[in-house]
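Content type mmCIF, C-alpha atoms and all ligand atoms, from the file coords_2.cif:
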data_input
loop_
_atom_site.label_atom_id
_atom_site.label_comp_id
_atom_site.auth_asym_id
_atom_site.auth_seq_id
_atom_site.Cartn_x
_atom_site.Cartn_y
_atom_site.Cartn_z
CA MET A 28 -41.85 41.80 42.77
CA THR A 29 -43.06 38.54 44.21
CA ASP A 30 -40.94 35.45 44.16
CA ASP A 31 -43.69 33.06 43.22
CA ALA A 32 -43.10 32.66 39.51
CA ARG A 33 -43.08 29.09 38.39
CA VAL A 34 -41.42 27.31 35.57
CA MET A 35 -44.15 26.12 33.24
CA GLU A 36 -44.29 23.26 30.78
CA ALA A 37 -41.67 23.33 28.05
CA ASP A 38 -42.94 25.28 25.06
CA PRO A 39 -42.99 22.97 22.02
CA HIS A 40 -42.28 25.98 19.77
CA LEU A 41 -39.10 26.68 21.64
CA SER A 42 -37.92 23.17 22.22
CA GLY A 43 -34.75 22.55 20.28
CA GLU A 44 -31.34 21.12 20.74
CA GLU A 45 -30.89 22.88 24.08
CA GLY A 46 -34.62 23.25 24.75
CA GLY A 47 -36.84 26.17 25.61
CA TRP A 48 -39.20 26.92 28.43
CA ILE A 49 -41.55 29.54 29.80
CA ASP A 50 -41.13 31.26 33.16
CA LEU A 51 -44.04 33.22 34.61
CA VAL A 52 -42.77 36.27 36.52
CA ASP A 53 -45.39 38.37 38.25
CA GLY A 54 -47.96 37.61 35.56
CA VAL A 55 -45.54 38.13 32.65
CA GLU A 56 -44.79 35.09 30.50
CA VAL A 57 -41.12 34.97 29.53
CA SER A 58 -40.05 32.52 26.81
CA LEU A 59 -36.45 31.41 27.22
CA ARG A 60 -33.98 29.38 25.26
CA HIS A 61 -30.46 28.43 26.26
CA ASP A 62 -27.79 27.55 23.75
CA VAL A 63 -24.06 26.92 23.65
CA ARG A 64 -22.40 28.10 20.47
CA ALA A 65 -18.87 28.57 19.26
CA GLY A 66 -18.96 32.25 20.25
CA GLY A 67 -20.07 31.54 23.81
CA GLU A 68 -23.03 30.56 25.96
CA GLN A 69 -26.25 32.38 25.08
CA LEU A 70 -29.65 32.90 26.62
CA GLU A 71 -32.51 34.30 24.55
CA ALA A 72 -35.57 35.63 26.34
CA GLU A 73 -38.69 37.36 25.11
CA ALA A 74 -41.86 38.75 26.60
CA ALA A 75 -44.75 40.95 25.51
CA LEU A 76 -47.52 43.00 27.15
CA PRO A 77 -50.32 45.26 25.98
CA GLU A 78 -49.45 48.93 26.27
CA ALA A 79 -49.97 50.41 29.75
CA PRO A 80 -48.00 53.02 31.75
CA ALA A 81 -45.82 50.49 33.57
CA SER A 82 -45.64 47.79 30.90
CA LEU A 83 -42.11 48.42 29.66
CA GLU A 84 -40.78 48.43 33.21
CA ARG A 85 -42.64 45.19 33.96
CA LEU A 86 -41.09 43.57 30.90
CA VAL A 87 -37.56 44.59 31.91
CA VAL A 88 -38.06 43.33 35.48
CA ALA A 89 -39.49 40.05 34.19
CA LEU A 90 -36.57 39.48 31.81
CA ARG A 91 -33.99 40.32 34.47
CA THR A 92 -35.66 37.97 36.94
CA ALA A 93 -36.13 35.09 34.51
CA SER A 94 -32.43 35.19 33.56
CA SER A 95 -31.15 35.23 37.14
CA ARG A 96 -29.18 32.43 38.74
CA GLU A 97 -32.01 31.58 41.13
CA ARG A 98 -34.42 31.09 38.20
CA LEU A 99 -32.03 29.19 35.96
CA ALA A 100 -30.75 26.78 38.59
CA PRO A 101 -33.87 24.54 38.41
CA ARG A 102 -33.21 24.23 34.66
CA GLY A 103 -29.76 22.78 35.39
CA LEU A 104 -27.96 26.04 34.57
CA PRO A 105 -25.80 26.81 37.60
CA ILE A 106 -24.74 30.31 36.55
CA GLY A 107 -27.18 33.12 35.83
CA PHE A 108 -26.95 35.85 33.23
CA ARG A 109 -26.65 39.47 34.30
CA TRP A 110 -28.08 42.54 32.68
CA GLU A 111 -24.50 43.55 31.86
CA ASP A 112 -24.28 40.38 29.72
CA LEU A 113 -26.86 41.74 27.26
CA LEU A 114 -25.59 41.49 23.72
CA GLN A 115 -28.66 42.77 21.89
CA VAL A 116 -32.23 43.89 22.42
CA GLU A 117 -35.01 43.93 19.84
CA ALA A 118 -37.91 46.08 20.97
CA THR A 119 -41.36 46.59 19.56
CA LEU A 120 -42.63 49.89 20.92
CA THR A 121 -45.99 51.59 20.83
CA ASP A 122 -44.71 55.14 21.41
CA ALA A 123 -41.24 55.01 19.95
CA ARG A 124 -39.44 58.15 21.05
CA PRO A 125 -40.06 58.24 24.83
CA GLN A 126 -40.00 54.46 25.17
CA ALA A 127 -36.71 54.16 23.25
CA ALA A 128 -35.10 56.85 25.44
CA TRP A 129 -36.36 55.09 28.57
CA LEU A 130 -34.96 51.77 27.40
CA LYS A 131 -31.56 53.11 26.29
CA ARG A 132 -30.85 54.49 29.75
CA ARG A 133 -31.30 50.99 31.15
CA LEU A 134 -29.01 49.16 28.74
CA PRO A 135 -25.28 48.57 29.11
CA ALA A 136 -23.14 50.70 26.77
CA GLU A 137 -22.16 47.74 24.58
CA THR A 138 -25.69 46.42 23.96
CA SER A 139 -27.12 46.87 20.48
CA LEU A 140 -30.75 48.02 20.28
CA ARG A 141 -33.07 47.42 17.33
CA LEU A 142 -36.44 49.15 17.33
CA ARG A 143 -39.68 48.72 15.47
CA ALA A 144 -43.21 50.04 15.90
CA GLY A 145 -46.15 47.83 16.83
CA SER A 146 -49.47 47.72 18.61
CA ARG A 147 -48.13 46.06 21.77
CA LEU A 148 -44.85 46.14 23.69
CA GLU A 149 -42.40 43.32 23.08
CA LEU A 150 -38.81 42.78 24.15
CA ARG A 151 -36.56 40.06 22.78
CA VAL A 152 -33.12 39.99 24.37
CA THR A 153 -29.95 37.93 23.94
CA PHE A 154 -27.49 37.47 26.78
CA VAL A 155 -23.99 36.18 26.12
CA ARG A 156 -21.23 35.24 28.49
CA ARG A 157 -19.01 37.82 26.94
CA GLY A 158 -15.85 36.69 28.64
CA CYS A 159 -16.00 33.82 26.15
CA LEU A 160 -16.23 36.04 23.09
CA PRO A 161 -13.03 36.97 21.29
CA THR A 162 -14.71 40.16 20.08
CA SER A 163 -15.48 41.29 23.61
CA GLN A 164 -13.65 44.27 24.97
CA ARG A 165 -13.17 42.07 27.99
CA ALA A 166 -10.99 39.68 26.00
CA ARG A 167 -8.30 42.34 26.16
CA TYR A 168 -8.20 45.87 27.45
CA GLU A 169 -6.78 48.52 25.13
CA ARG A 170 -6.33 52.24 24.96
CA SER A 171 -9.26 53.64 23.03
CA ALA A 172 -8.77 56.39 20.43
CA GLU A 173 -12.45 57.20 20.80
CA HIS A 174 -11.83 57.93 24.49
CA GLY A 175 -8.67 59.98 24.11
CA GLY A 176 -6.27 57.09 24.65
CA ARG A 177 -7.85 56.03 27.92
CA ILE A 178 -8.77 52.43 28.75
CA ARG A 179 -12.49 51.84 28.49
CA VAL A 180 -13.94 49.82 31.38
CA GLU A 181 -17.51 48.87 32.19
CA ALA A 182 -17.49 50.09 35.77
CA PHE A 183 -15.34 51.64 38.44
CA GLU A 184 -16.40 52.17 42.05
CA LEU A 185 -15.47 53.89 45.28
CA HIS A 186 -16.59 52.76 48.71
CA VAL A 187 -17.37 56.13 50.18
CA VAL A 188 -18.45 54.56 53.49
CA GLU A 189 -16.95 51.24 54.56
CA HIS A 190 -19.16 50.53 57.56
CA CYS A 191 -22.81 49.56 57.37
CA ASN A 192 -26.07 49.52 59.32
CA LEU A 193 -26.47 45.81 58.46
CA ARG A 194 -24.29 42.75 59.05
CA CYS A 195 -24.97 40.51 56.06
CA ALA A 196 -23.17 37.20 56.04
CA HIS A 197 -20.81 37.04 53.05
CA CYS A 198 -20.83 40.77 52.51
CA CYS A 199 -18.52 41.27 49.53
CA ASN A 200 -16.82 44.24 51.12
CA MET A 201 -16.27 42.89 54.62
CA SER A 202 -18.40 45.70 56.08
CA PRO A 203 -19.60 43.82 59.17
CA TYR A 204 -15.99 43.37 60.26
CA LEU A 205 -14.75 46.89 59.53
CA GLY A 206 -14.74 50.00 61.65
CA ARG A 207 -16.20 53.40 60.78
CA ARG A 208 -14.44 54.84 57.75
CA LEU A 209 -15.48 57.48 55.19
CA LEU A 210 -14.05 59.19 52.14
CA SER A 211 -14.55 62.95 52.15
CA PRO A 212 -16.07 64.56 49.03
CA GLU A 213 -12.68 66.22 48.44
CA GLU A 214 -10.90 62.84 48.51
CA VAL A 215 -13.56 61.30 46.24
CA GLU A 216 -13.05 64.10 43.69
CA ARG A 217 -9.27 63.76 43.84
CA GLN A 218 -9.38 60.00 43.26
CA CYS A 219 -11.97 60.28 40.50
CA ARG A 220 -9.97 62.97 38.68
CA LEU A 221 -6.84 60.85 38.82
CA MET A 222 -8.58 57.73 37.53
CA ALA A 223 -10.41 59.72 34.83
CA GLN A 224 -7.02 60.46 33.26
CA HIS A 225 -6.57 56.75 32.57
CA LEU A 226 -10.01 55.12 32.49
CA ALA A 227 -13.13 55.83 30.43
CA VAL A 228 -15.84 54.44 32.69
CA ASP A 229 -19.28 53.38 31.43
CA VAL A 230 -20.81 53.52 34.92
CA PHE A 231 -19.36 54.97 38.11
CA LYS A 232 -20.66 53.15 41.17
CA ILE A 233 -20.95 54.64 44.64
CA MET A 234 -20.94 51.78 47.06
CA GLY A 235 -20.14 50.85 50.62
CA GLY A 236 -20.73 49.74 53.26
CA GLU A 237 -23.88 51.76 53.24
CA PRO A 238 -23.34 55.03 51.32
CA LEU A 239 -26.37 56.68 52.89
CA LEU A 240 -24.54 56.68 56.24
CA HIS A 241 -22.29 59.37 54.76
CA PRO A 242 -23.24 62.71 56.32
CA ARG A 243 -22.21 64.54 53.10
CA ILE A 244 -23.48 62.06 50.51
CA THR A 245 -25.01 64.72 48.26
CA GLU A 246 -21.66 66.52 48.17
CA VAL A 247 -20.02 63.21 47.29
CA LEU A 248 -22.39 62.86 44.34
CA ARG A 249 -21.56 66.38 43.17
CA ALA A 250 -17.82 65.68 43.53
CA VAL A 251 -18.11 62.61 41.30
CA ARG A 252 -20.01 64.56 38.67
CA ARG A 253 -17.47 67.43 38.72
CA SER A 254 -14.61 64.97 38.19
CA GLY A 255 -16.00 63.92 34.78
CA ILE A 256 -15.12 60.27 35.39
CA SER A 257 -18.38 58.98 33.91
CA ARG A 258 -21.62 60.23 32.48
CA ALA A 259 -23.62 57.77 34.59
CA VAL A 260 -23.48 57.70 38.40
CA ARG A 261 -25.15 54.79 40.16
CA LEU A 262 -25.56 54.55 43.93
CA PHE A 263 -26.17 51.22 45.67
CA THR A 264 -28.03 51.12 48.96
CA ASN A 265 -29.82 48.73 51.27
CA GLY A 266 -32.60 51.34 51.29
CA LEU A 267 -33.05 51.54 55.05
CA ARG A 268 -32.08 55.22 55.24
CA LEU A 269 -33.63 56.29 51.98
CA ASP A 270 -36.55 58.03 53.66
CA ARG A 271 -34.06 60.56 55.13
CA MET A 272 -32.75 61.76 51.77
CA ASP A 273 -33.78 65.21 50.56
CA GLU A 274 -34.60 66.38 47.06
CA ASP A 275 -31.03 67.60 46.41
CA PHE A 276 -29.84 64.02 46.78
CA TRP A 277 -32.33 62.79 44.19
CA ARG A 278 -31.40 65.62 41.82
CA GLU A 279 -27.76 64.45 41.68
CA LEU A 280 -28.48 60.79 40.88
CA ASP A 281 -28.65 59.02 37.53
CA HIS A 282 -29.26 55.49 38.76
CA LEU A 283 -30.25 54.08 42.14
CA THR A 284 -30.11 50.37 42.96
CA ILE A 285 -31.89 49.25 46.11
CA SER A 286 -30.98 45.81 47.41
CA ASP A 287 -34.12 44.72 49.23
CA TYR A 288 -32.74 42.02 51.52
CA ALA A 289 -35.01 39.25 52.74
CA SER A 290 -33.33 39.45 56.16
CA ALA A 291 -33.75 43.25 56.41
CA PRO A 292 -36.54 44.30 54.04
CA VAL A 293 -37.13 47.90 53.04
CA PRO A 294 -40.52 49.17 54.27
CA PRO A 295 -43.05 49.16 51.37
CA SER A 296 -43.80 52.84 52.03
CA THR A 297 -40.10 53.67 51.44
CA LEU A 298 -40.07 51.68 48.20
CA GLN A 299 -43.22 53.44 47.00
CA ALA A 300 -41.79 56.86 47.86
CA ALA A 301 -38.54 55.94 46.06
CA ALA A 302 -40.50 54.93 42.96
CA ASP A 303 -42.36 58.28 43.02
CA LEU A 304 -39.17 60.32 43.52
CA ALA A 305 -37.30 58.37 40.85
CA ARG A 306 -40.05 59.21 38.37
CA ARG A 307 -40.06 62.85 39.42
CA PHE A 308 -36.27 63.29 39.20
CA ASP A 309 -35.77 60.99 36.21
CA VAL A 310 -33.63 58.49 38.12
CA VAL A 311 -33.27 54.93 36.82
CA LEU A 312 -34.46 52.86 39.76
CA ASN A 313 -33.66 49.17 40.13
CA VAL A 314 -35.12 47.37 43.15
CA LYS A 315 -33.44 43.99 43.60
CA PRO A 316 -35.10 41.52 45.95
CA VAL A 317 -32.26 39.49 47.49
CA ALA A 318 -33.03 36.19 49.22
CA THR A 319 -29.68 34.48 48.67
CA PHE A 320 -26.03 35.48 48.56
CA SER A 321 -23.18 33.88 46.70
CA GLU A 322 -20.46 32.85 49.07
CA VAL A 323 -17.48 35.08 48.48
CA MET A 324 -14.59 33.98 50.59
CA ARG A 325 -13.33 30.47 50.88
CA PRO A 326 -13.00 29.46 54.49
CA GLU A 327 -9.98 27.40 53.45
CA ARG A 328 -7.06 28.23 51.23
CA GLU A 329 -7.27 26.64 47.75
CA ALA A 330 -3.91 24.96 47.22
CA ASP A 331 -4.52 23.60 43.70
CA ASP A 332 -3.03 26.09 41.21
CA ARG A 333 -5.21 24.83 38.34
CA ARG A 334 -8.38 25.44 40.31
CA VAL A 335 -7.24 28.91 41.27
CA GLN A 336 -6.52 29.68 37.61
CA ALA A 337 -9.96 28.36 36.58
CA THR A 338 -11.67 30.54 39.20
CA TYR A 339 -9.80 33.60 37.95
CA ASP A 340 -10.48 32.83 34.28
CA ALA A 341 -14.24 32.50 34.88
CA CYS A 342 -14.48 35.47 37.23
CA TRP A 343 -16.68 38.29 35.90
CA LEU A 344 -16.17 40.42 39.00
CA ARG A 345 -12.71 41.43 37.85
CA HIS A 346 -14.35 43.34 34.97
CA ARG A 347 -17.12 45.00 36.92
CA CYS A 348 -15.89 45.69 40.45
CA MET A 349 -12.75 47.78 39.91
CA VAL A 350 -12.00 49.94 42.90
CA VAL A 351 -9.40 52.20 44.50
CA ARG A 352 -8.68 51.59 48.16
CA ASP A 353 -5.78 52.68 50.35
CA GLY A 354 -3.88 54.24 47.47
CA ARG A 355 -4.08 51.20 45.18
CA PHE A 356 -6.21 50.26 42.18
CA PHE A 357 -7.70 46.76 42.37
CA LYS A 358 -9.53 44.84 39.66
CA CYS A 359 -11.98 43.49 42.24
CA THR A 360 -13.22 44.46 45.67
CA ARG A 361 -12.23 41.12 47.14
CA ALA A 362 -8.58 41.81 46.48
CA ALA A 363 -9.00 45.31 47.91
CA TYR A 364 -10.19 43.85 51.21
CA ALA A 365 -7.89 40.82 51.30
CA PRO A 366 -5.65 42.25 54.05
CA ASP A 367 -8.71 42.76 56.29
CA PHE A 368 -9.92 39.29 55.44
CA HIS A 369 -6.61 37.76 56.47
CA HIS A 370 -6.45 39.86 59.57
CA ARG A 371 -10.02 39.33 60.80
CA LEU A 372 -11.17 35.97 59.50
CA LEU A 373 -8.70 33.56 58.15
CA ALA A 374 -7.05 31.01 60.32
CA ASP A 375 -5.86 28.88 57.40
CA ALA A 376 -3.60 31.34 55.56
CA HIS A 377 -0.05 30.34 54.89
CA ALA A 378 2.65 32.65 56.06
CA GLY A 379 3.10 35.33 53.42
CA ASP A 380 -0.39 35.09 51.87
CA ALA A 381 -1.52 38.38 53.35
CA ALA A 382 1.65 40.16 52.32
CA ARG A 383 1.42 38.80 48.78
CA ALA A 384 -2.19 39.94 48.51
CA LEU A 385 -1.30 43.36 49.80
CA GLU A 386 1.75 43.88 47.62
CA GLY A 387 0.84 42.04 44.45
CA ASP A 388 -2.89 42.33 43.96
CA GLY A 389 -3.23 46.03 43.29
CA VAL A 390 -1.46 48.81 41.39
CA PRO A 391 -0.10 51.67 43.52
CA LEU A 392 -1.54 54.99 42.36
CA SER A 393 1.97 56.39 42.77
CA SER A 394 3.30 54.15 39.94
CA PRO A 395 5.56 56.22 37.65
CA ASP A 396 3.54 55.36 34.50
CA LEU A 397 0.16 54.63 36.01
CA GLY A 398 -1.64 54.21 32.66
CA ALA A 399 0.79 51.53 31.46
CA ALA A 400 0.73 49.80 34.84
CA LEU A 401 -3.10 49.70 34.81
CA LEU A 402 -3.21 48.31 31.29
CA ALA A 403 -0.74 45.53 32.10
CA TYR A 404 -2.59 44.72 35.33
CA LEU A 405 -6.03 44.57 33.68
CA ASN A 406 -4.66 42.24 31.01
CA ARG A 407 -2.65 39.98 33.28
CA SER A 408 -3.51 36.33 32.81
CA GLU A 409 -2.22 34.96 36.11
CA PRO A 410 -4.54 34.98 39.13
CA LEU A 411 -4.21 37.35 42.06
CA ALA A 412 -2.96 36.10 45.41
CA SER A 413 -6.51 36.77 46.69
CA CYS A 414 -8.02 34.28 44.22
CA ARG A 415 -6.79 31.47 46.50
CA PHE A 416 -9.35 32.55 49.06
CA CYS A 417 -12.21 33.44 46.74
CA TYR A 418 -14.96 31.61 44.89
CA GLY A 419 -15.08 34.22 42.13
CA GLY A 420 -18.41 35.57 40.92
CA ASP A 421 -20.42 32.39 41.20
CA GLY A 422 -19.73 30.87 44.61
CA PRO A 423 -22.20 28.51 46.32
CA LEU A 424 -25.57 30.10 47.07
CA VAL A 425 -26.52 30.49 50.73
CA PRO A 426 -29.61 32.06 52.30
CA HIS A 427 -29.23 35.76 52.94
CA VAL A 428 -28.91 36.15 56.70
CA GLN A 429 -27.65 38.66 59.22
CA LEU A 430 -24.68 37.95 61.46
CA GLY A 431 -24.95 38.55 65.17
CA ALA A 432 -22.50 40.81 66.99
CA ALA A 433 -20.92 37.72 68.54
CA ASP A 434 -20.43 36.15 65.07
CA VAL A 435 -18.61 39.26 63.92
CA ARG A 436 -16.44 39.39 67.04
CA ALA A 437 -15.54 35.73 66.54
CA GLY A 438 -14.70 36.34 62.84
CA ARG A 439 -17.33 33.91 61.55
CA LEU A 440 -18.47 34.01 57.91
CA LEU A 441 -21.91 32.62 58.80
CA PRO A 442 -23.94 32.79 62.00
CA VAL A 443 -23.12 29.88 64.23
CA SER A 444 -26.84 29.03 64.27
CA ILE A 445 -26.92 28.02 60.58
CA ALA A 446 -23.29 27.33 59.69
CA GLY A 447 -23.56 23.73 60.78
CA GLU A 448 -26.70 23.10 58.72
CA LEU A 449 -25.26 24.06 55.35
CA PRO A 450 -23.43 21.59 53.14
S1 LIG B 501 -26.04 45.93 53.26
FE1 LIG B 501 -25.11 43.96 53.70
S2 LIG B 501 -24.01 43.40 51.82
FE2 LIG B 501 -24.44 45.61 51.72
S3 LIG B 501 -22.61 46.57 52.59
FE3 LIG B 501 -24.07 46.31 54.27
S4 LIG B 501 -23.50 44.36 55.22
FE4 LIG B 501 -22.54 44.43 53.19
S1 LIG B 502 -9.98 37.57 44.04
FE1 LIG B 502 -9.79 36.58 42.01
S2 LIG B 502 -11.55 35.24 41.81
FE2 LIG B 502 -11.95 36.66 43.51
S3 LIG B 502 -13.11 38.35 42.60
FE3 LIG B 502 -10.95 38.92 42.53
S4 LIG B 502 -10.19 38.22 40.54
FE4 LIG B 502 -12.15 37.21 40.93
#
So that I can check it, write out the structure of this file as structure tokens.
Ligand code: SF4
Ligand code: SF4
Amino acid sequence: MTDDARVMEADPHLSGEEGGWIDLVDGVEVSLRHDVRAGGEQLEAEAALPEAPASLERLVVALRTASSRERLAPRGLPIGFRWEDLLQVEATLTDARPQAAWLKRRLPAETSLRLRAGSRLELRVTFVRRGCLPTSQRARYERSAEHGGRIRVEAFELHVVEHCNLRCAHCCNMSPYLGRRLLSPEEVERQCRLMAQHLAVDVFKIMGGEPLLHPRITEVLRAVRRSGISRAVRLFTNGLRLDRMDEDFWRELDHLTISDYASAPVPPSTLQAAADLARRFDVVLNVKPVATFSEVMRPEREADDRRVQATYDACWLRHRCMVVRDGRFFKCTRAAYAPDFHHRLLADAHAGDAARALEGDGVPLSSPDLGAALLAYLNRSEPLASCRFCYGGDGPLVPHVQLGAADVRAGRLLPVSIAGELP
């Protein structure tokens, strides 16, 4: 995907109270309309193409791109919409059965899909900030009869490798500052089986660090599948070791997300080979070009309780980045790594901050009634101790850059070469 789409003239047919516009993404015209209603903030987007082998995929990529934060910012919308925010999709398909199956595998579990037949492919999608909707499962977590009394969550992840072959500034999981650390397939299976007793997980995410540094990554994938924690397993990678993966690895995957970082791009030949293998092994492939990162950690402690509460209330990460680390369940990865953050980076912490984050931000897996403890924790309305040092899901955007070894040793969040240039 190129990054040269441009926002075109406002479309008079779409102009309304909140206005509409057209974004051209890689030759696909996407019509968009933003609206704020009582039920929450919405974005409608639609695009169409004549039928061709890759048309449906091009439409999905165009809609994802046009709704991203980078694309919406020039329209005065500071926060983007994510694919997980999809409320509904209306699709006009030219070959209904295979195209519908293809599309369903790419939609979040909660998204409604309406289909009709036509002579060209069209997608019309509605995104909603669901945290605002009282009907959202995210408004309150509950035990679900449909899932045998377990708590349904969108996603749960394990960081099977904590170290990485890159050193991205503002890495969510602190990888540049951490030493070599792996979870064995046996440990992964044990943790997944335990959590599967309490959580019904839409998507299980294998993350890092860089998971492809794991010498037994295919066994890890099999261990997750055996545990029954989720029907969908998605692995996230920076793609730089993808050319070393054998066919057994591809056979075990459902979804693969490649973050193609501007500061460490994946060779085009690797991306092409991944596209071919994904087709061959029926893997849902998502290649995400990444030129910017949201700042994660506040360099200074936020002392204002109201601001901390507002950050927590608006934070979508706490619904999509649940993780187990060091024997505790955390609702977000930032809380899971807070002790490392305090230890390696933060000069401004007050005495006791690190201890509070360690003791109060996660649920020990050894809790006597773990299910009840998880439910209360997921529904708690007060912020975590870690929220004082976090921007939440929509921190300031900064260029995606690599840290130098000296930056990491010095505990810097940004390379010294650019830190002074940013506001
Ligand atoms: S690729 Fe970058 S963002 Fe991802 S884990 Fe490694 S250092 Fe962190
Ligand atoms: S620490 Fe708080 S604000 Fe940051 S991701 Fe976690 S819940 Fe969200």
Could you list, as a list in words, every residue within 12 Å of Ala81 (chain A), counting all atoms listed in the file and ignoring same-chain residues fewer than 4 positions away?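 Once the nearby chain positions are removed, what remains is Leu76, Pro77, Arg85, Leu86, Val87, Val88, Gln126, Trp129, Leu148, Ala302 and Arg306 of chain A.
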Show me which residues line ligand LIG 501 (chain B), defined as having an atom within 6 Å of a ligand atom where only C-alpha atoms and all ligand atoms count, and present them as a ChimeraX atom specification. /A:191,193-195,198,202-203,235-237,265
Show me as a PDB file with C-alpha atoms, in the coordinates of the input the residues that reach within 12 Å of (-28.7, 49.8, 27.8), counting only C-alpha atoms and using the file's own coordinates.
ATOM      1  CA  VAL A  87     -37.560  44.590  31.910  1.00  0.00           C
ATOM      2  CA  TRP A 110     -28.080  42.540  32.680  1.00  0.00           C
ATOM      3  CA  GLU A 111     -24.500  43.550  31.860  1.00  0.00           C
ATOM      4  CA  ASP A 112     -24.280  40.380  29.720  1.00  0.00           C
ATOM      5  CA  LEU A 113     -26.860  41.740  27.260  1.00  0.00           C
ATOM      6  CA  LEU A 114     -25.590  41.490  23.720  1.00  0.00           C
ATOM      7  CA  GLN A 115     -28.660  42.770  21.890  1.00  0.00           C
ATOM      8  CA  VAL A 116     -32.230  43.890  22.420  1.00  0.00           C
ATOM      9  CA  GLU A 117     -35.010  43.930  19.840  1.00  0.00           C
ATOM     10  CA  ALA A 127     -36.710  54.160  23.250  1.00  0.00           C
ATOM     11  CA  ALA A 128     -35.100  56.850  25.440  1.00  0.00           C
ATOM     12  CA  TRP A 129     -36.360  55.090  28.570  1.00  0.00           C
ATOM     13  CA  LEU A 130     -34.960  51.770  27.400  1.00  0.00           C
ATOM     14  CA  LYS A 131     -31.560  53.110  26.290  1.00  0.00           C
ATOM     15  CA  ARG A 132     -30.850  54.490  29.750  1.00  0.00           C
ATOM     16  CA  ARG A 133     -31.300  50.990  31.150  1.00  0.00           C
ATOM     17  CA  LEU A 134     -29.010  49.160  28.740  1.00  0.00           C
ATOM     18  CA  PRO A 135     -25.280  48.570  29.110  1.00  0.00           C
ATOM     19  CA  ALA A 136     -23.140  50.700  26.770  1.00  0.00           C
ATOM     20  CA  GLU A 137     -22.160  47.740  24.580  1.00  0.00           C
ATOM     21  CA  THR A 138     -25.690  46.420  23.960  1.00  0.00           C
ATOM     22  CA  SER A 139     -27.120  46.870  20.480  1.00  0.00           C
ATOM     23  CA  LEU A 140     -30.750  48.020  20.280  1.00  0.00           C
ATOM     24  CA  ARG A 141     -33.070  47.420  17.330  1.00  0.00           C
ATOM     25  CA  VAL A 152     -33.120  39.990  24.370  1.00  0.00           C
ATOM     26  CA  ASP A 229     -19.280  53.380  31.430  1.00  0.00           C
ATOM     27  CA  VAL A 230     -20.810  53.520  34.920  1.00  0.00           C
ATOM     28  CA  ALA A 259     -23.620  57.770  34.590  1.00  0.00           C
ATOM     29  CA  VAL A 311     -33.270  54.930  36.820  1.00  0.00           C
TER      30      VAL A 311
END
If the limit is 7 Å from any atom of ligand LIG 502 (chain B), counting all atoms listed in the file, which residues qualify? Return them as a PyMOL selection string. chain A and resi 338-339+342-345+358-362+410-411+413-414+417-420
File dump, residues just selected, C-alpha atoms, as a PDB file, in the coordinates of the input:
ATOM      1  CA  THR A 338     -11.670  30.540  39.200  1.00  0.00           C
ATOM      2  CA  TYR A 339      -9.800  33.600  37.950  1.00  0.00           C
ATOM      3  CA  CYS A 342     -14.480  35.470  37.230  1.00  0.00           C
ATOM      4  CA  TRP A 343     -16.680  38.290  35.900  1.00  0.00           C
ATOM      5  CA  LEU A 344     -16.170  40.420  39.000  1.00  0.00           C
ATOM      6  CA  ARG A 345     -12.710  41.430  37.850  1.00  0.00           C
ATOM      7  CA  LYS A 358      -9.530  44.840  39.660  1.00  0.00           C
ATOM      8  CA  CYS A 359     -11.980  43.490  42.240  1.00  0.00           C
ATOM      9  CA  THR A 360     -13.220  44.460  45.670  1.00  0.00           C
ATOM     10  CA  ARG A 361     -12.230  41.120  47.140  1.00  0.00           C
ATOM     11  CA  ALA A 362      -8.580  41.810  46.480  1.00  0.00           C
ATOM     12  CA  PRO A 410      -4.540  34.980  39.130  1.00  0.00           C
ATOM     13  CA  LEU A 411      -4.210  37.350  42.060  1.00  0.00           C
ATOM     14  CA  SER A 413      -6.510  36.770  46.690  1.00  0.00           C
ATOM     15  CA  CYS A 414      -8.020  34.280  44.220  1.00  0.00           C
ATOM     16  CA  CYS A 417     -12.210  33.440  46.740  1.00  0.00           C
ATOM     17  CA  TYR A 418     -14.960  31.610  44.890  1.00  0.00           C
ATOM     18  CA  GLY A 419     -15.080  34.220  42.130  1.00  0.00           C
ATOM     19  CA  GLY A 420     -18.410  35.570  40.920  1.00  0.00           C
TER      20      GLY A 420
END
A:Cys219, A:Leu304, A:Val228, A:Ala363: which is nearest Ala250 (chain A), counting only C-alpha atoms? A:Cys219
One decimal, in Å: what's the spacing between CA of Leu280 (chain A) and CA of Leu150 (chain A)? 26.7 Å
Among the residues A:Arg407, A:Arg98, A:Arg307, A:Arg436, the one that comes closest to Arg371 (chain A) [using all atoms listed in the file]: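 Among the listed residues, A:Arg436 lies closest to Arg371 (chain A).
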To one decimal place in Å, what is the distance between CA of Pro426 (chain A) and CA of Tyr364 (chain A)?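 Result for CA of Pro426 (chain A) versus CA of Tyr364 (chain A): 22.7 Å, one decimal.
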Between A:Arg170, A:Arg124, A:Arg355, A:Arg415, which has the minimum distance to Asp331 (chain A) (counting all atoms listed in the file)? A:Arg415
When you count all atoms listed in the file, which of these residues is closest to Ser257 (chain A): A:His282, A:Leu226, A:Met234, A:Leu90?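 Selected residue with least distance to Ser257 (chain A): A:Leu226.
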Please list, as a PyMOL selection string, the residues that have an atom at most 10 Å away from (-14.8, 50.5, 49.9) in the coordinates of this file, counting all atoms listed in the file. chain A and resi 184-190+199-202+208-210+233-238+350-353+360+363-364
Would you mind reading off the distance between CA of Glu56 (chain A) and CA of Thr92 (chain A), one decimal, in Å?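 A separation of 11.5 Å between them.
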Quick one: residues within 7 Å of region 318-329 of chain A, all atoms listed in the file, excluding same-chain residues fewer than 6 positions away - as a PyMOL selection string? chain A and resi 197+199+288-289+335+373+375-376+415-419+421-427
